[in-house]
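Below is one structure, written out as structure tokens; comments come after it.
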Amino acid sequence: MIIKNNTTKLLVTLSFLLILPFVQKQWFNLYSLNINDISFYSNLYYLSGAICPSLVYINSLKNYTYYKFNNDKIQSIKVIKGKRLLFLVAINLIFLSYLIADYIYINFNLILNLFLEGINVPKPDIPQLSFFIFLISILLIFKKSRFLLKKIILINFILISLSLWHLQINNISVDDQFYIYRYFGLNDLNLINLFILVAIEILFYTWSFLSYKTNLSDWIVPKPQKGDAIPFLNIFIFYFFIIIYYSILT
């Protein structure tokens with residue numbers, strides 16, 4: 001029954017995401033008729049930019065944050081330990097911490113360049129970046145601070161999405177004064193925002209698996225089973241529809 005209800009909610013959400021951009025385009029057409037005046041449809045169109053990011057926040061916080069794994073699998077002969085586990089932990093923790101630090105800096109840089117001209121946050125040098133990576137790594141180790149950090153990441157996604165929405169509505173071009181310009185190999189800035197978040201989601205899930213309960217204190221982790229791939233599949237399906245949403249909207 002729970003699985004059926006979750007599937008129904010997911011289908012409703014995904015269907016809504018496919019319909020929403022067409023509705024927004026109609027609001028935009030009505031807004032364009034009186035583009036110089038503040039009207040109901042202009043406000044509605046502006047506010048509609050927060051709908052999709054809010055859905056991402058709610059869905060990710062509910063389904064891609066508080067992971068639980070089967071404790072019985074630790075009794076399995078197939079385990080990861082020793083140097084292999086050290087390598088996996090180090091690589092996952094460093095890459096995840098770097099992505100989070102870089103993602104938060106993108107947000108600060110976007111907001112300051114858009115709304116607070118003349119105030120520039122310098123790009124962190126190697127010692128500063130190393131410090132931020134170390135600090136984030138410490139926060140990821142502890143469960144409560146890890147969940148708090150995930151909420152900050154999702155709020156960061158919303159703020160970047162709204163900033164990009166403001167850029168799009170006001171036809172503001174992105175040049176090299178914006179830090180996100182370094183990712184400009186993609187034409188759609190929304191896709192850049194999504195791909196970074198998806199990478200964080202995948203690494204966050206992997207880290208949740210590695211650090212689950214006493215795995216690291218015991219320095220032994222069971223090898224992933226087929227069922228452990230389901231969250232990966234859910235992440236890809238959900239964000240695939242988010243990509244379709246932004247593709248239709250664009």
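Letters for chains follow the order of the structure tokens (A, B, ...), residue numbers begin at 1 for each chain, and ligand numbers begin at 1 in the order shown.
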
### Message
Going by DSSP on the backbone, which residues of segment 136-241 of chain A come out as helix (DSSP H, G or I)? List them as a PyMOL selection string.
### Response
chain A and resi 136-141+143-169+179-183+189-210+215-218+226-241

Residue contacts of segment 86-91 of chain A (10 Å, only C-alpha atoms) excluding same-chain residues fewer than 6 positions away, as a short mmCIF file (atom, residue, chain, number, x, y, z; two decimals) with all heavy atoms, in the first residue's frame:
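Once written, part.cif looks like this:
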```cif
data_model
loop_
_atom_site.label_atom_id
_atom_site.label_comp_id
_atom_site.auth_asym_id
_atom_site.auth_seq_id
_atom_site.Cartn_x
_atom_site.Cartn_y
_atom_site.Cartn_z
N ILE A 80 33.39 -4.59 2.18
CA ILE A 80 34.47 -3.71 1.77
C ILE A 80 35.18 -3.25 3.03
O ILE A 80 34.54 -2.76 3.96
CB ILE A 80 33.93 -2.49 0.99
CG1 ILE A 80 33.07 -2.94 -0.20
CG2 ILE A 80 35.08 -1.62 0.49
CD1 ILE A 80 32.34 -1.80 -0.88
N SER A 97 32.50 17.13 -0.85
CA SER A 97 32.79 18.38 -0.14
C SER A 97 33.17 19.48 -1.12
O SER A 97 32.75 20.64 -0.97
CB SER A 97 33.92 18.17 0.87
OG SER A 97 33.56 17.20 1.82
N SER A 137 33.69 18.37 5.10
CA SER A 137 33.91 16.94 5.34
C SER A 137 33.59 16.58 6.79
O SER A 137 32.98 15.53 7.05
CB SER A 137 35.37 16.57 5.04
OG SER A 137 35.68 16.80 3.67
N LEU A 203 26.48 11.48 -4.90
CA LEU A 203 27.57 11.35 -3.94
C LEU A 203 27.05 11.33 -2.50
O LEU A 203 27.61 10.63 -1.65
CB LEU A 203 28.57 12.50 -4.12
CG LEU A 203 29.42 12.44 -5.40
CD1 LEU A 203 30.22 13.72 -5.57
CD2 LEU A 203 30.35 11.24 -5.37
N THR A 206 25.80 7.85 -1.86
CA THR A 206 26.93 6.95 -1.68
C THR A 206 27.56 7.14 -0.31
O THR A 206 27.91 6.16 0.37
CB THR A 206 27.99 7.20 -2.77
OG1 THR A 206 27.38 7.10 -4.06
CG2 THR A 206 29.10 6.16 -2.70
N TRP A 207 27.70 8.41 0.10
CA TRP A 207 28.28 8.67 1.41
C TRP A 207 27.35 8.17 2.52
O TRP A 207 27.83 7.65 3.54
CB TRP A 207 28.55 10.16 1.57
CG TRP A 207 29.06 10.51 2.94
CD1 TRP A 207 28.43 11.23 3.92
CD2 TRP A 207 30.31 10.11 3.50
NE1 TRP A 207 29.20 11.30 5.04
CE2 TRP A 207 30.37 10.62 4.82
CE3 TRP A 207 31.39 9.35 3.02
CZ2 TRP A 207 31.46 10.41 5.65
CZ3 TRP A 207 32.48 9.14 3.85
CH2 TRP A 207 32.50 9.67 5.15
N LEU A 210 28.02 4.48 2.81
CA LEU A 210 29.31 4.16 3.42
C LEU A 210 29.33 4.45 4.92
O LEU A 210 29.94 3.71 5.70
CB LEU A 210 30.43 4.97 2.73
CG LEU A 210 30.76 4.59 1.28
CD1 LEU A 210 31.74 5.59 0.70
CD2 LEU A 210 31.31 3.18 1.19
N SER A 211 28.66 5.54 5.32
CA SER A 211 28.75 5.98 6.72
C SER A 211 27.55 5.56 7.55
O SER A 211 27.35 6.06 8.65
CB SER A 211 28.88 7.51 6.76
OG SER A 211 27.76 8.13 6.16
N LEU A 216 31.60 2.98 9.52
CA LEU A 216 32.94 3.55 9.54
C LEU A 216 33.66 3.30 10.86
O LEU A 216 34.88 3.11 10.88
CB LEU A 216 32.87 5.06 9.25
CG LEU A 216 32.39 5.44 7.84
CD1 LEU A 216 32.45 6.94 7.64
CD2 LEU A 216 33.23 4.73 6.77
N TRP A 219 34.78 0.04 10.58
CA TRP A 219 35.63 0.01 9.37
C TRP A 219 35.34 -1.22 8.51
O TRP A 219 36.22 -1.94 8.05
CB TRP A 219 37.10 0.07 9.73
CG TRP A 219 37.93 0.59 8.59
CD1 TRP A 219 38.90 -0.08 7.90
CD2 TRP A 219 37.85 1.88 7.97
NE1 TRP A 219 39.42 0.70 6.90
CE2 TRP A 219 38.80 1.92 6.92
CE3 TRP A 219 37.06 3.02 8.21
CZ2 TRP A 219 38.99 3.04 6.12
CZ3 TRP A 219 37.25 4.14 7.41
CH2 TRP A 219 38.19 4.15 6.38
#
```

### Task
Pick out each residue of segment 12-220 of chain A that DSSP on the backbone tags as strand (DSSP E); I need them as a VMD selection string.
chain A and resid 79 to 81 220

### Query
Near segment 190-194 of chain A, counting only C-alpha atoms, which residues have an atom at most 12 Å away, once you skip same-chain residues fewer than 2 positions from it, shown as number ranges by chain?
A: 49, 52-53, 56, 99, 102-104, 106-107, 110, 153-154, 156-168, 180-188, 196-201, 235-236, 238-247, 249-250

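Separating atom CA of Ser60 of chain A from atom CA of Ile138 of chain A is a distance of 22.2 Å.
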
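Closest to Leu55 of chain A among A:Leu112, A:Pro127, A:Leu20, A:Phe232 is A:Leu20, based on only C-alpha atoms.
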
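In this model, the gap between atom CA of Phe147 of chain A and atom CA of Phe16 of chain A comes to 27.7 Å.
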
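Shortest separation to Phe22 of chain A among A:Phe40, A:Tyr45, A:Phe108, A:Phe195 occurs at residue A:Tyr45, atoms counted being only C-alpha atoms.
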
### Distance in Å - atom CA of Ser48 of chain A versus atom CA of Lys150 of chain A
24.1 Å
